Amino acid sequence: MAKGDYAVDLEALDNVGKKLNGVLRAMSKTKGDAKNSTHLPAGALGKGFGEEREIRIEHDRVKIILEDQILKELEDLIDDLAKKTAKTRGAYEDREYDATNAVNPEK
């Protein structure tokens with residue numbers, strides 16, 4: 001390859017996209033678990049002590065932060081990366097097609 005030439009491994013970009021989409025699928029399960037499998041009902045920690053209610057309230061507050069901020073922001077970030085990877089892959093593929101046609105124009 002001459003200086004200034006570039007080569008892009010489109011298969012590697014495909015693999016990155018597949019892995020990011022796999023992470024998104026896993027995140028969906030994690031979000032579901034965080035939402036549905038972390039309930040702390042009254043009395044679950046015992047009865048007869050004043051801090052029980054405070055602990056449940058704090059648990060619910062942290063649960064909301066986990067669901068609505070941390071997991072959502074991670075999911076949005078990964079989704080953005082997956083979309084940008086697909087867009088970049090398409091752009092490189094288009095450039096490769098253009099370069100091939102410039103060197104070998106159809107007759």
# chains A, B, ... in the order shown; residues from 1 in each chain; ligands from 1
>>> residues_around(residues="stretch 14-30 of chain A", least_positions_apart="2", cutoff="9 Å", atoms="only C-alpha atoms", output="PyMOL selection string")
chain A and resi 9-12+32-35+71+74-75+78-79+81-83+85-86+89
>>> write_last_selection(atoms="N, CA and C atoms", output="CSV table (one decimal), in the first residue's frame")
chain,number,residue,atom,x,y,z
A,9,ASP,N,-11.1,-2.8,7.7
A,9,ASP,CA,-11.6,-4.2,7.8
A,9,ASP,C,-13.1,-4.1,8.1
A,10,LEU,N,-13.8,-4.3,7.0
A,10,LEU,CA,-15.3,-4.2,7.2
A,10,LEU,C,-15.9,-5.3,8.0
A,11,GLU,N,-15.2,-6.4,8.0
A,11,GLU,CA,-15.7,-7.6,8.8
A,11,GLU,C,-15.5,-7.2,10.3
A,12,ALA,N,-14.4,-6.6,10.6
A,12,ALA,CA,-14.2,-6.2,12.0
A,12,ALA,C,-15.3,-5.2,12.4
A,32,GLY,N,-34.8,-5.3,32.8
A,32,GLY,CA,-36.0,-6.0,33.3
A,32,GLY,C,-35.8,-6.6,34.7
A,33,ASP,N,-34.6,-7.1,34.9
A,33,ASP,CA,-34.3,-7.7,36.3
A,33,ASP,C,-34.3,-6.6,37.3
A,34,ALA,N,-33.7,-5.4,37.0
A,34,ALA,CA,-33.6,-4.3,37.9
A,34,ALA,C,-35.0,-3.8,38.2
A,35,LYS,N,-35.9,-3.8,37.2
A,35,LYS,CA,-37.3,-3.3,37.4
A,35,LYS,C,-38.2,-4.3,38.2
A,71,LEU,N,-28.7,2.6,33.9
A,71,LEU,CA,-28.9,1.7,32.9
A,71,LEU,C,-29.4,2.3,31.6
A,74,LEU,N,-26.4,4.1,29.9
A,74,LEU,CA,-25.5,3.0,29.3
A,74,LEU,C,-26.2,2.5,28.0
A,75,GLU,N,-27.4,2.2,28.1
A,75,GLU,CA,-28.1,1.7,26.9
A,75,GLU,C,-28.1,2.7,25.8
A,78,ILE,N,-24.5,2.8,24.3
A,78,ILE,CA,-24.2,1.6,23.5
A,78,ILE,C,-25.0,1.6,22.2
A,79,ASP,N,-26.3,2.0,22.2
A,79,ASP,CA,-27.1,2.1,21.0
A,79,ASP,C,-26.5,3.2,20.1
A,81,LEU,N,-23.3,4.1,19.9
A,81,LEU,CA,-22.1,3.5,19.3
A,81,LEU,C,-22.4,2.5,18.2
A,82,ALA,N,-23.5,1.6,18.4
A,82,ALA,CA,-23.9,0.6,17.4
A,82,ALA,C,-24.3,1.3,16.1
A,83,LYS,N,-25.1,2.4,16.3
A,83,LYS,CA,-25.6,3.1,15.1
A,83,LYS,C,-24.4,3.8,14.4
A,85,THR,N,-21.3,2.9,14.4
A,85,THR,CA,-20.5,1.8,13.8
A,85,THR,C,-21.1,1.4,12.5
A,86,ALA,N,-22.4,1.2,12.5
A,86,ALA,CA,-23.1,0.8,11.2
A,86,ALA,C,-23.0,1.9,10.2
A,89,ARG,N,-19.4,1.9,8.9
A,89,ARG,CA,-19.1,0.7,8.0
A,89,ARG,C,-19.7,1.0,6.7
>>> atom_distance(atom1="atom CA of A:Ile64", atom2="atom CA of A:Gly46")
23.0 Å
